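> Have a look at the structure that comes next, please.
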Amino acid sequence: MRPIVNQLTQGVSPHKITLTLALGATLGVFPIFGITSLLCLLLGAPLKLNQVILQSANWMVTCVHPLLLIFFVRLGETLMGAEPMVFVPTELVAAFNASPEAFMKRFGMTGLHGILGWFLVAPLIFGTAWILMKCLLQRIIHRTQMEGGPHA
């Protein structure tokens with residue numbers, strides 16, 4: 001039971017929560033589907049970040065992930081002077097399901113373009129999320145203190 005309690009209470013200072021939420025939001029829009037949770041685990045564990053908060057932030061940005069994926073790919077294509085890839089989601093899924101290996105051969109460069117775009121924009125995402133989360137947490141702490149809550 002103790003390891004579970006330790007994980008749930010690890011990294012719950014306002015600074016760590018802000019860092020955790022910003023990192024989760026940034027990693028959550030990494031342009032390769034299916035690996036954002038693993039990235040959060042791999043980066044969060046050595047930083048001793050709260051995995052529950054980190055994975056929650058990762059999942060909260062899932063709704064914008066497909067849109068940002070296209071943006072990151074287009075940015076990478078533009079920077080590399082590559083021909084724009086046509087995105088037809090059903091065809092992409094069918095190609096992956098038919099043969100993941102053939103999918104990687106066909107769309108591997110598109111993935112690299114997306115990663116390039118993400119690397120360029122990730123500091124902006126992280127910084128924006130950091131500022132927003134810091135302001136939000138300060139407001140919550142202030143409100144809790146005014147109401148005589150646990151931080152009073």
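Residues in the structure tokens are numbered from 1 in each chain, the chains being A, B, ... in the order shown, and ligands are numbered from 1 in the order shown.
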Which residues are close to region 9-24 of chain A, i.e. within 6 Å by only C-alpha atoms, leaving aside same-chain residues fewer than 5 positions away? Reply as a PyMOL selection string.
chain A and resi 49-50+54+57-58+126+129-130+133-134
> What does the file look like for those residues with C-alpha atoms, as an mmCIF file, in the first residue's frame?

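Wrote part_26.cif, looks like this:
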data_model
loop_
_atom_site.group_PDB
_atom_site.id
_atom_site.type_symbol
_atom_site.label_atom_id
_atom_site.label_comp_id
_atom_site.auth_asym_id
_atom_site.auth_seq_id
_atom_site.Cartn_x
_atom_site.Cartn_y
_atom_site.Cartn_z
ATOM 1 C CA LEU A 49 6.821 14.005 -10.833
ATOM 2 C CA ASN A 50 3.394 12.806 -9.798
ATOM 3 C CA LEU A 54 1.272 13.948 -15.386
ATOM 4 C CA ALA A 57 -2.489 16.410 -18.164
ATOM 5 C CA ASN A 58 -1.383 14.183 -21.040
ATOM 6 C CA PHE A 126 5.557 24.330 -22.187
ATOM 7 C CA ALA A 129 1.182 25.961 -20.011
ATOM 8 C CA TRP A 130 3.611 26.787 -17.182
ATOM 9 C CA MET A 133 -0.941 26.626 -14.563
ATOM 10 C CA LYS A 134 1.114 28.779 -12.201
#
> Please provide as a list in words all residues within 9 Å of Ser56 (chain A), with the sequence filter that same-chain residues fewer than 4 positions apart are discarded (counting only C-alpha atoms).
Leu21, Gly24, Ala25, Gln51, Val52, Met60 and Val61 of chain A
> Please identify all polymer residues within 8 Å of Leu68 (chain A), counting only C-alpha atoms, omitting same-chain residues fewer than 4 positions from it, and present them as a list in words.
Val29, Pro31, Val64 and Phe72 of chain A
> Hey, can you check how far CA of Leu92 (chain A) sits from CA of Phe107 (chain A)?
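If I compute the distance from CA of Leu92 (chain A) to CA of Phe107 (chain A), I get 9.1 Å.
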> Name the residues in contact with region 76-78 of chain A at a cut-off of 8 Å, using only C-alpha atoms, excluding same-chain residues fewer than 5 positions from it; report them as a PyMOL selection string.
chain A and resi 83-84+110+112-117
